[in-house]
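Reproduced below: start.tsv, with TSV, N, CA and C atoms.
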chain	number	residue	atom	x	y	z
A	27	MET	N	-60.55	-55.73	85.33
A	27	MET	CA	-61.86	-55.44	84.80
A	27	MET	C	-62.51	-54.31	85.57
A	28	MET	N	-62.35	-54.31	86.90
A	28	MET	CA	-62.96	-53.26	87.71
A	28	MET	C	-62.29	-51.90	87.48
A	29	LEU	N	-61.01	-51.90	87.19
A	29	LEU	CA	-60.33	-50.65	86.89
A	29	LEU	C	-60.90	-50.04	85.60
A	30	TYR	N	-61.03	-50.86	84.58
A	30	TYR	CA	-61.64	-50.39	83.33
A	30	TYR	C	-63.08	-49.94	83.58
A	31	PHE	N	-63.80	-50.62	84.44
A	31	PHE	CA	-65.18	-50.25	84.76
A	31	PHE	C	-65.23	-48.86	85.39
A	32	ALA	N	-64.33	-48.60	86.33
A	32	ALA	CA	-64.28	-47.28	86.95
A	32	ALA	C	-63.93	-46.22	85.91
A	33	TRP	N	-62.96	-46.51	85.08
A	33	TRP	CA	-62.55	-45.54	84.06
A	33	TRP	C	-63.65	-45.27	83.06
A	34	VAL	N	-64.34	-46.30	82.61
A	34	VAL	CA	-65.36	-46.12	81.57
A	34	VAL	C	-66.55	-45.29	82.08
A	35	ASN	N	-66.78	-45.31	83.38
A	35	ASN	CA	-67.90	-44.55	83.94
A	35	ASN	C	-67.50	-43.20	84.51
A	36	ASP	N	-66.26	-42.81	84.32
A	36	ASP	CA	-65.84	-41.46	84.69
A	36	ASP	C	-66.72	-40.46	83.90
A	37	PRO	N	-67.23	-39.42	84.55
A	37	PRO	CA	-68.13	-38.48	83.86
A	37	PRO	C	-67.53	-37.84	82.61
A	38	ILE	N	-66.26	-37.52	82.61
A	38	ILE	CA	-65.63	-36.92	81.43
A	38	ILE	C	-65.50	-37.96	80.30
A	39	VAL	N	-65.17	-39.19	80.67
A	39	VAL	CA	-65.09	-40.26	79.66
A	39	VAL	C	-66.46	-40.48	79.03
A	40	ARG	N	-67.51	-40.52	79.85
A	40	ARG	CA	-68.86	-40.70	79.31
A	40	ARG	C	-69.24	-39.53	78.40
A	41	LYS	N	-68.90	-38.31	78.82
A	41	LYS	CA	-69.22	-37.13	78.01
A	41	LYS	C	-68.55	-37.19	76.65
A	42	ASN	N	-67.31	-37.69	76.60
A	42	ASN	CA	-66.56	-37.73	75.35
A	42	ASN	C	-66.80	-38.99	74.53
A	43	ALA	N	-67.52	-39.95	75.08
A	43	ALA	CA	-67.81	-41.20	74.36
A	43	ALA	C	-68.95	-40.98	73.37
A	44	PHE	N	-68.96	-41.75	72.31
A	44	PHE	CA	-70.04	-41.64	71.33
A	44	PHE	C	-71.34	-42.23	71.89
A	45	GLN	N	-71.25	-43.17	72.82
A	45	GLN	CA	-72.41	-43.67	73.56
A	45	GLN	C	-72.21	-43.19	75.00
A	46	SER	N	-72.90	-42.11	75.35
A	46	SER	CA	-72.57	-41.39	76.58
A	46	SER	C	-73.29	-41.88	77.84
A	47	GLU	N	-74.18	-42.86	77.72
A	47	GLU	CA	-74.87	-43.36	78.91
A	47	GLU	C	-73.90	-44.14	79.80
A	48	PRO	N	-74.10	-44.11	81.12
A	48	PRO	CA	-73.26	-44.93	82.01
A	48	PRO	C	-73.37	-46.41	81.64
A	49	VAL	N	-72.31	-47.15	81.92
A	49	VAL	CA	-72.24	-48.57	81.60
A	49	VAL	C	-72.47	-49.36	82.90
A	50	ASN	N	-73.44	-50.29	82.86
A	50	ASN	CA	-73.66	-51.09	84.08
A	50	ASN	C	-72.65	-52.23	84.16
A	51	LEU	N	-72.48	-52.76	85.36
A	51	LEU	CA	-71.43	-53.75	85.60
A	51	LEU	C	-71.63	-55.02	84.79
A	52	ALA	N	-72.84	-55.51	84.67
A	52	ALA	CA	-73.07	-56.75	83.92
A	52	ALA	C	-72.69	-56.58	82.45
A	53	THR	N	-73.08	-55.47	81.86
A	53	THR	CA	-72.73	-55.18	80.47
A	53	THR	C	-71.22	-55.05	80.31
A	54	HIS	N	-70.59	-54.35	81.25
A	54	HIS	CA	-69.15	-54.17	81.18
A	54	HIS	C	-68.43	-55.50	81.33
A	55	ARG	N	-68.86	-56.33	82.25
A	55	ARG	CA	-68.22	-57.64	82.47
A	55	ARG	C	-68.24	-58.46	81.18
A	56	THR	N	-69.39	-58.49	80.51
A	56	THR	CA	-69.52	-59.23	79.25
A	56	THR	C	-68.61	-58.63	78.18
A	57	TRP	N	-68.66	-57.30	78.03
A	57	TRP	CA	-67.82	-56.63	77.03
A	57	TRP	C	-66.34	-56.91	77.28
A	58	PHE	N	-65.91	-56.80	78.53
A	58	PHE	CA	-64.50	-56.97	78.87
A	58	PHE	C	-64.03	-58.39	78.53
A	59	ALA	N	-64.81	-59.38	78.91
A	59	ALA	CA	-64.45	-60.77	78.61
A	59	ALA	C	-64.36	-60.99	77.10
A	60	GLN	N	-65.31	-60.46	76.37
A	60	GLN	CA	-65.29	-60.61	74.92
A	60	GLN	C	-64.10	-59.89	74.30
A	61	ALA	N	-63.80	-58.68	74.78
A	61	ALA	CA	-62.67	-57.91	74.24
A	61	ALA	C	-61.36	-58.66	74.44
A	62	LEU	N	-61.18	-59.27	75.62
A	62	LEU	CA	-59.95	-60.01	75.89
A	62	LEU	C	-59.82	-61.26	75.02
A	63	SER	N	-60.93	-61.82	74.59
A	63	SER	CA	-60.88	-63.05	73.81
A	63	SER	C	-60.80	-62.81	72.30
A	64	ARG	N	-60.98	-61.58	71.87
A	64	ARG	CA	-60.99	-61.28	70.44
A	64	ARG	C	-59.58	-61.11	69.89
A	65	ASN	N	-59.37	-61.65	68.69
A	65	ASN	CA	-58.08	-61.50	68.01
A	65	ASN	C	-57.91	-60.12	67.39
A	66	ASP	N	-59.02	-59.40	67.18
A	66	ASP	CA	-58.96	-58.10	66.53
A	66	ASP	C	-58.95	-56.93	67.52
A	67	VAL	N	-58.71	-57.21	68.79
A	67	VAL	CA	-58.65	-56.18	69.82
A	67	VAL	C	-57.35	-56.32	70.60
A	68	SER	N	-56.65	-55.20	70.77
A	68	SER	CA	-55.46	-55.15	71.61
A	68	SER	C	-55.71	-54.11	72.69
A	69	MET	N	-55.43	-54.47	73.95
A	69	MET	CA	-55.68	-53.56	75.07
A	69	MET	C	-54.39	-53.39	75.88
A	70	TYR	N	-54.11	-52.13	76.26
A	70	TYR	CA	-52.91	-51.81	77.01
A	70	TYR	C	-53.25	-50.85	78.15
A	71	VAL	N	-52.54	-50.98	79.25
A	71	VAL	CA	-52.65	-50.06	80.38
A	71	VAL	C	-51.30	-49.40	80.56
A	72	LEU	N	-51.31	-48.07	80.67
A	72	LEU	CA	-50.08	-47.33	80.94
A	72	LEU	C	-49.96	-47.12	82.44
A	73	GLU	N	-48.78	-47.42	82.96
A	73	GLU	CA	-48.50	-47.21	84.38
A	73	GLU	C	-47.38	-46.20	84.53
A	74	ALA	N	-47.45	-45.42	85.59
A	74	ALA	CA	-46.39	-44.51	85.99
A	74	ALA	C	-46.07	-44.81	87.45
A	75	ASP	N	-44.84	-45.20	87.72
A	75	ASP	CA	-44.45	-45.58	89.08
A	75	ASP	C	-45.37	-46.66	89.64
A	76	ASP	N	-45.67	-47.68	88.82
A	76	ASP	CA	-46.52	-48.82	89.19
A	76	ASP	C	-47.97	-48.45	89.48
A	77	VAL	N	-48.40	-47.28	89.04
A	77	VAL	CA	-49.79	-46.84	89.22
A	77	VAL	C	-50.43	-46.75	87.84
A	78	PRO	N	-51.57	-47.42	87.61
A	78	PRO	CA	-52.25	-47.31	86.32
A	78	PRO	C	-52.77	-45.88	86.11
A	79	VAL	N	-52.41	-45.30	84.96
A	79	VAL	CA	-52.83	-43.92	84.69
A	79	VAL	C	-53.73	-43.79	83.48
A	80	GLY	N	-53.82	-44.82	82.65
A	80	GLY	CA	-54.67	-44.74	81.47
A	80	GLY	C	-54.65	-46.03	80.68
A	81	GLN	N	-55.53	-46.06	79.69
A	81	GLN	CA	-55.64	-47.26	78.86
A	81	GLN	C	-55.83	-46.85	77.41
A	82	VAL	N	-55.43	-47.75	76.53
A	82	VAL	CA	-55.68	-47.59	75.11
A	82	VAL	C	-56.10	-48.94	74.54
A	83	ARG	N	-57.09	-48.88	73.66
A	83	ARG	CA	-57.59	-50.10	73.00
A	83	ARG	C	-57.52	-49.88	71.50
A	84	LEU	N	-57.01	-50.87	70.80
A	84	LEU	CA	-56.98	-50.86	69.35
A	84	LEU	C	-57.95	-51.92	68.85
A	85	THR	N	-58.84	-51.53	67.97
A	85	THR	CA	-59.73	-52.49	67.31
A	85	THR	C	-59.31	-52.55	65.85
A	86	TRP	N	-58.87	-53.72	65.46
A	86	TRP	CA	-58.25	-53.92	64.16
A	86	TRP	C	-59.24	-54.29	63.08
A	87	GLN	N	-59.02	-53.71	61.91
A	87	GLN	CA	-59.69	-54.14	60.69
A	87	GLN	C	-58.61	-54.15	59.61
A	88	GLY	N	-58.07	-55.33	59.39
A	88	GLY	CA	-56.93	-55.46	58.48
A	88	GLY	C	-55.72	-54.78	59.08
A	89	THR	N	-55.13	-53.83	58.33
A	89	THR	CA	-53.96	-53.11	58.83
A	89	THR	C	-54.32	-51.75	59.43
A	90	THR	N	-55.60	-51.51	59.63
A	90	THR	CA	-56.07	-50.27	60.27
A	90	THR	C	-56.52	-50.58	61.69
A	91	ALA	N	-56.12	-49.74	62.63
A	91	ALA	CA	-56.51	-49.91	64.03
A	91	ALA	C	-57.23	-48.65	64.51
A	92	LEU	N	-58.46	-48.84	64.97
A	92	LEU	CA	-59.24	-47.75	65.55
A	92	LEU	C	-58.82	-47.60	67.00
A	93	ILE	N	-58.43	-46.39	67.38
A	93	ILE	CA	-57.92	-46.10	68.71
A	93	ILE	C	-59.05	-45.62	69.62
A	94	ALA	N	-59.10	-46.18	70.82
A	94	ALA	CA	-59.94	-45.67	71.90
A	94	ALA	C	-59.04	-45.58	73.13
A	95	TYR	N	-58.98	-44.41	73.75
A	95	TYR	CA	-58.10	-44.29	74.91
A	95	TYR	C	-58.72	-43.36	75.95
A	96	SER	N	-58.25	-43.49	77.17
A	96	SER	CA	-58.66	-42.58	78.23
A	96	SER	C	-57.56	-42.52	79.28
A	97	VAL	N	-57.56	-41.41	79.99
A	97	VAL	CA	-56.61	-41.19	81.08
A	97	VAL	C	-57.42	-41.02	82.35
A	98	ALA	N	-56.98	-41.67	83.43
A	98	ALA	CA	-57.67	-41.57	84.72
A	98	ALA	C	-57.76	-40.11	85.14
A	99	ALA	N	-58.88	-39.73	85.75
A	99	ALA	CA	-59.16	-38.34	86.10
A	99	ALA	C	-58.03	-37.69	86.87
A	100	GLU	N	-57.48	-38.40	87.84
A	100	GLU	CA	-56.45	-37.81	88.69
A	100	GLU	C	-55.09	-37.68	87.99
A	101	HIS	N	-54.99	-38.19	86.75
A	101	HIS	CA	-53.72	-38.13	86.02
A	101	HIS	C	-53.82	-37.31	84.74
A	102	ARG	N	-54.93	-36.63	84.54
A	102	ARG	CA	-55.09	-35.82	83.33
A	102	ARG	C	-54.22	-34.56	83.41
A	103	ALA	N	-53.93	-34.02	82.24
A	103	ALA	CA	-53.14	-32.78	82.10
A	103	ALA	C	-51.68	-32.97	82.51
A	104	HIS	N	-51.19	-34.22	82.40
A	104	HIS	CA	-49.79	-34.50	82.68
A	104	HIS	C	-49.09	-35.13	81.48
A	105	GLY	N	-49.74	-35.13	80.31
A	105	GLY	CA	-49.13	-35.66	79.10
A	105	GLY	C	-49.31	-37.15	78.88
A	106	TYR	N	-50.15	-37.81	79.69
A	106	TYR	CA	-50.30	-39.26	79.55
A	106	TYR	C	-51.08	-39.67	78.30
A	107	GLY	N	-52.00	-38.83	77.84
A	107	GLY	CA	-52.70	-39.14	76.59
A	107	GLY	C	-51.72	-39.23	75.44
A	108	LYS	N	-50.84	-38.25	75.36
A	108	LYS	CA	-49.82	-38.26	74.31
A	108	LYS	C	-48.89	-39.46	74.49
A	109	ALA	N	-48.50	-39.75	75.72
A	109	ALA	CA	-47.62	-40.89	75.98
A	109	ALA	C	-48.27	-42.20	75.55
A	110	LEU	N	-49.57	-42.37	75.81
A	110	LEU	CA	-50.28	-43.57	75.39
A	110	LEU	C	-50.18	-43.77	73.89
A	111	LEU	N	-50.46	-42.70	73.14
A	111	LEU	CA	-50.44	-42.83	71.68
A	111	LEU	C	-49.02	-43.02	71.15
A	112	GLU	N	-48.05	-42.37	71.75
A	112	GLU	CA	-46.66	-42.57	71.32
A	112	GLU	C	-46.24	-44.03	71.53
A	113	LEU	N	-46.62	-44.61	72.65
A	113	LEU	CA	-46.28	-46.01	72.91
A	113	LEU	C	-46.98	-46.95	71.93
A	114	VAL	N	-48.23	-46.66	71.62
A	114	VAL	CA	-48.96	-47.48	70.64
A	114	VAL	C	-48.28	-47.41	69.28
A	115	GLU	N	-47.85	-46.22	68.90
A	115	GLU	CA	-47.17	-46.07	67.61
A	115	GLU	C	-45.91	-46.93	67.54
A	116	LYS	N	-45.23	-47.09	68.65
A	116	LYS	CA	-44.03	-47.93	68.69
A	116	LYS	C	-44.37	-49.41	68.71
A	117	LYS	N	-45.57	-49.74	69.17
A	117	LYS	CA	-45.99	-51.14	69.33
A	117	LYS	C	-46.48	-51.76	68.01
A	118	VAL	N	-47.10	-50.95	67.15
A	118	VAL	CA	-47.70	-51.50	65.92
A	118	VAL	C	-46.65	-51.66	64.82
A	119	SER	N	-46.97	-52.47	63.86
A	119	SER	CA	-46.08	-52.74	62.74
A	119	SER	C	-46.04	-51.57	61.76
A	120	VAL	N	-44.90	-51.45	61.07
A	120	VAL	CA	-44.79	-50.48	59.99
A	120	VAL	C	-45.86	-50.81	58.96
A	121	GLY	N	-46.53	-49.79	58.45
A	121	GLY	CA	-47.60	-49.98	57.49
A	121	GLY	C	-48.98	-49.91	58.11
A	122	THR	N	-49.04	-49.93	59.44
A	122	THR	CA	-50.32	-49.81	60.14
A	122	THR	C	-50.87	-48.40	59.98
A	123	CYS	N	-52.17	-48.30	59.78
A	123	CYS	CA	-52.85	-47.01	59.78
A	123	CYS	C	-53.60	-46.90	61.11
A	124	LEU	N	-53.23	-45.90	61.91
A	124	LEU	CA	-53.92	-45.64	63.17
A	124	LEU	C	-55.00	-44.61	62.92
A	125	LEU	N	-56.17	-44.84	63.50
A	125	LEU	CA	-57.34	-44.00	63.26
A	125	LEU	C	-57.99	-43.64	64.58
A	126	GLY	N	-58.22	-42.36	64.80
A	126	GLY	CA	-58.94	-41.90	65.97
A	126	GLY	C	-60.15	-41.10	65.55
A	127	GLN	N	-61.26	-41.26	66.25
A	127	GLN	CA	-62.46	-40.47	66.00
A	127	GLN	C	-62.80	-39.76	67.30
A	128	VAL	N	-62.90	-38.42	67.22
A	128	VAL	CA	-63.01	-37.60	68.42
A	128	VAL	C	-64.17	-36.62	68.27
A	129	LYS	N	-65.00	-36.56	69.29
A	129	LYS	CA	-66.08	-35.57	69.29
A	129	LYS	C	-65.51	-34.16	69.21
A	130	LYS	N	-66.27	-33.29	68.55
A	130	LYS	CA	-65.82	-31.91	68.37
A	130	LYS	C	-65.47	-31.23	69.69
A	131	GLU	N	-66.22	-31.54	70.75
A	131	GLU	CA	-66.05	-30.88	72.04
A	131	GLU	C	-64.81	-31.38	72.80
A	132	ASN	N	-64.25	-32.50	72.39
A	132	ASN	CA	-63.13	-33.10	73.12
A	132	ASN	C	-61.80	-32.47	72.65
A	133	VAL	N	-61.60	-31.23	73.08
A	133	VAL	CA	-60.44	-30.46	72.64
A	133	VAL	C	-59.13	-31.10	73.08
A	134	ALA	N	-59.09	-31.67	74.27
A	134	ALA	CA	-57.84	-32.28	74.77
A	134	ALA	C	-57.38	-33.41	73.85
A	135	SER	N	-58.27	-34.32	73.48
A	135	SER	CA	-57.88	-35.42	72.60
A	135	SER	C	-57.52	-34.92	71.21
A	136	ARG	N	-58.25	-33.94	70.75
A	136	ARG	CA	-57.93	-33.39	69.43
A	136	ARG	C	-56.52	-32.83	69.42
A	137	ARG	N	-56.14	-32.14	70.48
A	137	ARG	CA	-54.78	-31.57	70.58
A	137	ARG	C	-53.72	-32.67	70.59
A	138	VAL	N	-54.01	-33.77	71.29
A	138	VAL	CA	-53.05	-34.88	71.36
A	138	VAL	C	-52.78	-35.42	69.96
A	139	PHE	N	-53.84	-35.71	69.23
A	139	PHE	CA	-53.65	-36.27	67.88
A	139	PHE	C	-52.89	-35.29	66.98
A	140	VAL	N	-53.27	-34.02	67.01
A	140	VAL	CA	-52.60	-33.02	66.17
A	140	VAL	C	-51.12	-32.90	66.55
A	141	SER	N	-50.83	-32.92	67.86
A	141	SER	CA	-49.44	-32.77	68.31
A	141	SER	C	-48.56	-33.92	67.84
A	142	LEU	N	-49.17	-35.06	67.56
A	142	LEU	CA	-48.40	-36.23	67.10
A	142	LEU	C	-48.40	-36.37	65.58
A	143	GLY	N	-48.91	-35.37	64.88
A	143	GLY	CA	-48.83	-35.37	63.42
A	143	GLY	C	-49.89	-36.18	62.70
A	144	TYR	N	-51.01	-36.46	63.36
A	144	TYR	CA	-52.10	-37.16	62.69
A	144	TYR	C	-52.78	-36.21	61.71
A	145	GLU	N	-53.18	-36.76	60.57
A	145	GLU	CA	-53.92	-35.98	59.58
A	145	GLU	C	-55.35	-35.82	60.09
A	146	GLU	N	-55.82	-34.58	60.12
A	146	GLU	CA	-57.14	-34.27	60.67
A	146	GLU	C	-58.14	-34.01	59.55
A	147	SER	N	-59.32	-34.61	59.66
A	147	SER	CA	-60.41	-34.32	58.73
A	147	SER	C	-61.73	-34.44	59.46
A	148	TYR	N	-62.72	-33.75	58.94
A	148	TYR	CA	-64.05	-33.79	59.56
A	148	TYR	C	-64.80	-34.99	59.00
A	149	PHE	N	-65.35	-35.81	59.89
A	149	PHE	CA	-66.09	-37.01	59.50
A	149	PHE	C	-67.58	-36.71	59.68
A	150	ARG	N	-68.20	-36.31	58.59
A	150	ARG	CA	-69.59	-35.84	58.61
A	150	ARG	C	-70.57	-36.91	59.11
A	151	ASP	N	-70.36	-38.18	58.74
A	151	ASP	CA	-71.29	-39.25	59.12
A	151	ASP	C	-71.47	-39.36	60.64
A	152	MET	N	-70.39	-39.10	61.38
A	152	MET	CA	-70.46	-39.22	62.84
A	152	MET	C	-70.38	-37.88	63.54
A	153	ASP	N	-70.33	-36.78	62.77
A	153	ASP	CA	-70.24	-35.44	63.32
A	153	ASP	C	-69.08	-35.35	64.31
A	154	CYS	N	-67.90	-35.76	63.83
A	154	CYS	CA	-66.71	-35.75	64.69
A	154	CYS	C	-65.48	-35.48	63.84
A	155	TRP	N	-64.36	-35.32	64.50
A	155	TRP	CA	-63.08	-35.19	63.81
A	155	TRP	C	-62.43	-36.57	63.74
A	156	GLU	N	-61.81	-36.82	62.61
A	156	GLU	CA	-61.13	-38.08	62.42
A	156	GLU	C	-59.64	-37.80	62.22
A	157	TYR	N	-58.82	-38.64	62.83
A	157	TYR	CA	-57.37	-38.49	62.79
A	157	TYR	C	-56.75	-39.76	62.27
A	158	ARG	N	-55.86	-39.63	61.29
A	158	ARG	CA	-55.20	-40.78	60.66
A	158	ARG	C	-53.69	-40.57	60.63
A	159	LYS	N	-53.01	-41.68	60.84
A	159	LYS	CA	-51.55	-41.65	60.73
A	159	LYS	C	-51.07	-43.01	60.29
A	160	LYS	N	-50.29	-43.02	59.22
A	160	LYS	CA	-49.68	-44.26	58.75
A	160	LYS	C	-48.32	-44.39	59.40
A	161	ILE	N	-48.10	-45.51	60.02
A	161	ILE	CA	-46.83	-45.76	60.74
A	161	ILE	C	-45.83	-46.39	59.80
Show me the file's structure as structure tokens.
Amino acid sequence: MMLYFAWVNDPIVRKNAFQSEPVNLATHRTWFAQALSRNDVSMYVLEADDVPVGQVRLTWQGTTALIAYSVAAEHRAHGYGKALLELVEKKVSVGTCLLGQVKKENVASRRVFVSLGYEESYFRDMDCWEYRKKI
């Protein structure tokens, strides 16, 4: 829980989040406990040489999973964002639709989705780019 807390409050993660205010510990503790208990949420941590380098969370609505992911600051620009999404694609069932919503300014995440063949469209309601891929 504390690892996720540190990651969620990373300045770049906050900048790229749709709710950009820092998250306090009490709020995070409640959110984390609820996320772990929900049947519609799957959470994964990617490790390299036994060191956690990033996380990905899928929030399910039927056969569609909304992707939220981040890479630890000290491990960025090493391909871990792409690795996270590639592993998720292998983990989900055939027929799953993966969906990512990315702020316009988050060029790194946009490149990751495009490099993996996600269909890109502008989502006017949230003023962001949306990425879809059917597995």
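Separating atom C of A:Arg55 from atom C of A:Met27 is a distance of 8.3 Å.
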Which of stretch 27-159 of chain A DSSP labels alpha helix (DSSP H), written as a ChimeraX atom specification:
/A:28-34,37-42,51-63,106-117,133-141
For N, CA and C atoms, I'd like the residues from the last selection saved as a CSV table (one decimal), in the coordinates of the input.
chain,number,residue,atom,x,y,z
A,28,MET,N,-62.4,-54.3,86.9
A,28,MET,CA,-63.0,-53.3,87.7
A,28,MET,C,-62.3,-51.9,87.5
A,29,LEU,N,-61.0,-51.9,87.2
A,29,LEU,CA,-60.3,-50.6,86.9
A,29,LEU,C,-60.9,-50.0,85.6
A,30,TYR,N,-61.0,-50.9,84.6
A,30,TYR,CA,-61.6,-50.4,83.3
A,30,TYR,C,-63.1,-49.9,83.6
A,31,PHE,N,-63.8,-50.6,84.4
A,31,PHE,CA,-65.2,-50.2,84.8
A,31,PHE,C,-65.2,-48.9,85.4
A,32,ALA,N,-64.3,-48.6,86.3
A,32,ALA,CA,-64.3,-47.3,87.0
A,32,ALA,C,-63.9,-46.2,85.9
A,33,TRP,N,-63.0,-46.5,85.1
A,33,TRP,CA,-62.6,-45.5,84.1
A,33,TRP,C,-63.6,-45.3,83.1
A,34,VAL,N,-64.3,-46.3,82.6
A,34,VAL,CA,-65.4,-46.1,81.6
A,34,VAL,C,-66.6,-45.3,82.1
A,37,PRO,N,-67.2,-39.4,84.6
A,37,PRO,CA,-68.1,-38.5,83.9
A,37,PRO,C,-67.5,-37.8,82.6
A,38,ILE,N,-66.3,-37.5,82.6
A,38,ILE,CA,-65.6,-36.9,81.4
A,38,ILE,C,-65.5,-38.0,80.3
A,39,VAL,N,-65.2,-39.2,80.7
A,39,VAL,CA,-65.1,-40.3,79.7
A,39,VAL,C,-66.5,-40.5,79.0
A,40,ARG,N,-67.5,-40.5,79.8
A,40,ARG,CA,-68.9,-40.7,79.3
A,40,ARG,C,-69.2,-39.5,78.4
A,41,LYS,N,-68.9,-38.3,78.8
A,41,LYS,CA,-69.2,-37.1,78.0
A,41,LYS,C,-68.6,-37.2,76.6
A,42,ASN,N,-67.3,-37.7,76.6
A,42,ASN,CA,-66.6,-37.7,75.4
A,42,ASN,C,-66.8,-39.0,74.5
A,51,LEU,N,-72.5,-52.8,85.4
A,51,LEU,CA,-71.4,-53.8,85.6
A,51,LEU,C,-71.6,-55.0,84.8
A,52,ALA,N,-72.8,-55.5,84.7
A,52,ALA,CA,-73.1,-56.8,83.9
A,52,ALA,C,-72.7,-56.6,82.4
A,53,THR,N,-73.1,-55.5,81.9
A,53,THR,CA,-72.7,-55.2,80.5
A,53,THR,C,-71.2,-55.0,80.3
A,54,HIS,N,-70.6,-54.4,81.2
A,54,HIS,CA,-69.2,-54.2,81.2
A,54,HIS,C,-68.4,-55.5,81.3
A,55,ARG,N,-68.9,-56.3,82.2
A,55,ARG,CA,-68.2,-57.6,82.5
A,55,ARG,C,-68.2,-58.5,81.2
A,56,THR,N,-69.4,-58.5,80.5
A,56,THR,CA,-69.5,-59.2,79.2
A,56,THR,C,-68.6,-58.6,78.2
A,57,TRP,N,-68.7,-57.3,78.0
A,57,TRP,CA,-67.8,-56.6,77.0
A,57,TRP,C,-66.3,-56.9,77.3
A,58,PHE,N,-65.9,-56.8,78.5
A,58,PHE,CA,-64.5,-57.0,78.9
A,58,PHE,C,-64.0,-58.4,78.5
A,59,ALA,N,-64.8,-59.4,78.9
A,59,ALA,CA,-64.4,-60.8,78.6
A,59,ALA,C,-64.4,-61.0,77.1
A,60,GLN,N,-65.3,-60.5,76.4
A,60,GLN,CA,-65.3,-60.6,74.9
A,60,GLN,C,-64.1,-59.9,74.3
A,61,ALA,N,-63.8,-58.7,74.8
A,61,ALA,CA,-62.7,-57.9,74.2
A,61,ALA,C,-61.4,-58.7,74.4
A,62,LEU,N,-61.2,-59.3,75.6
A,62,LEU,CA,-60.0,-60.0,75.9
A,62,LEU,C,-59.8,-61.3,75.0
A,63,SER,N,-60.9,-61.8,74.6
A,63,SER,CA,-60.9,-63.0,73.8
A,63,SER,C,-60.8,-62.8,72.3
A,106,TYR,N,-50.2,-37.8,79.7
A,106,TYR,CA,-50.3,-39.3,79.6
A,106,TYR,C,-51.1,-39.7,78.3
A,107,GLY,N,-52.0,-38.8,77.8
A,107,GLY,CA,-52.7,-39.1,76.6
A,107,GLY,C,-51.7,-39.2,75.4
A,108,LYS,N,-50.8,-38.2,75.4
A,108,LYS,CA,-49.8,-38.3,74.3
A,108,LYS,C,-48.9,-39.5,74.5
A,109,ALA,N,-48.5,-39.8,75.7
A,109,ALA,CA,-47.6,-40.9,76.0
A,109,ALA,C,-48.3,-42.2,75.6
A,110,LEU,N,-49.6,-42.4,75.8
A,110,LEU,CA,-50.3,-43.6,75.4
A,110,LEU,C,-50.2,-43.8,73.9
A,111,LEU,N,-50.5,-42.7,73.1
A,111,LEU,CA,-50.4,-42.8,71.7
A,111,LEU,C,-49.0,-43.0,71.2
A,112,GLU,N,-48.0,-42.4,71.8
A,112,GLU,CA,-46.7,-42.6,71.3
A,112,GLU,C,-46.2,-44.0,71.5
A,113,LEU,N,-46.6,-44.6,72.6
A,113,LEU,CA,-46.3,-46.0,72.9
A,113,LEU,C,-47.0,-47.0,71.9
A,114,VAL,N,-48.2,-46.7,71.6
A,114,VAL,CA,-49.0,-47.5,70.6
A,114,VAL,C,-48.3,-47.4,69.3
A,115,GLU,N,-47.8,-46.2,68.9
A,115,GLU,CA,-47.2,-46.1,67.6
A,115,GLU,C,-45.9,-46.9,67.5
A,116,LYS,N,-45.2,-47.1,68.6
A,116,LYS,CA,-44.0,-47.9,68.7
A,116,LYS,C,-44.4,-49.4,68.7
A,117,LYS,N,-45.6,-49.7,69.2
A,117,LYS,CA,-46.0,-51.1,69.3
A,117,LYS,C,-46.5,-51.8,68.0
A,133,VAL,N,-61.6,-31.2,73.1
A,133,VAL,CA,-60.4,-30.5,72.6
A,133,VAL,C,-59.1,-31.1,73.1
A,134,ALA,N,-59.1,-31.7,74.3
A,134,ALA,CA,-57.8,-32.3,74.8
A,134,ALA,C,-57.4,-33.4,73.8
A,135,SER,N,-58.3,-34.3,73.5
A,135,SER,CA,-57.9,-35.4,72.6
A,135,SER,C,-57.5,-34.9,71.2
A,136,ARG,N,-58.2,-33.9,70.8
A,136,ARG,CA,-57.9,-33.4,69.4
A,136,ARG,C,-56.5,-32.8,69.4
A,137,ARG,N,-56.1,-32.1,70.5
A,137,ARG,CA,-54.8,-31.6,70.6
A,137,ARG,C,-53.7,-32.7,70.6
A,138,VAL,N,-54.0,-33.8,71.3
A,138,VAL,CA,-53.0,-34.9,71.4
A,138,VAL,C,-52.8,-35.4,70.0
A,139,PHE,N,-53.8,-35.7,69.2
A,139,PHE,CA,-53.6,-36.3,67.9
A,139,PHE,C,-52.9,-35.3,67.0
A,140,VAL,N,-53.3,-34.0,67.0
A,140,VAL,CA,-52.6,-33.0,66.2
A,140,VAL,C,-51.1,-32.9,66.6
A,141,SER,N,-50.8,-32.9,67.9
A,141,SER,CA,-49.4,-32.8,68.3
A,141,SER,C,-48.6,-33.9,67.8
All residues 9 Å or closer to stretch 140-152 of chain A, only C-alpha atoms, same chain fewer than 4 positions away omitted, as a PyMOL selection string
chain A and resi 44+108+111-112+124-127+129+135-136+156-160
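For the atom pair formed by atom N of A:Lys130 and atom CA of A:Trp155, the distance is 6.0 Å, given to one decimal.
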Nearest-residue call for A:Leu92, choices A:Trp33, A:Lys117, A:Cys123, A:Val133, using all atoms listed in the file
A:Cys123
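Counting only C-alpha atoms and comparing A:Asp75, A:Ala43, A:Gly121, A:Leu29, the residue that lies closest to A:Phe58 is A:Leu29.
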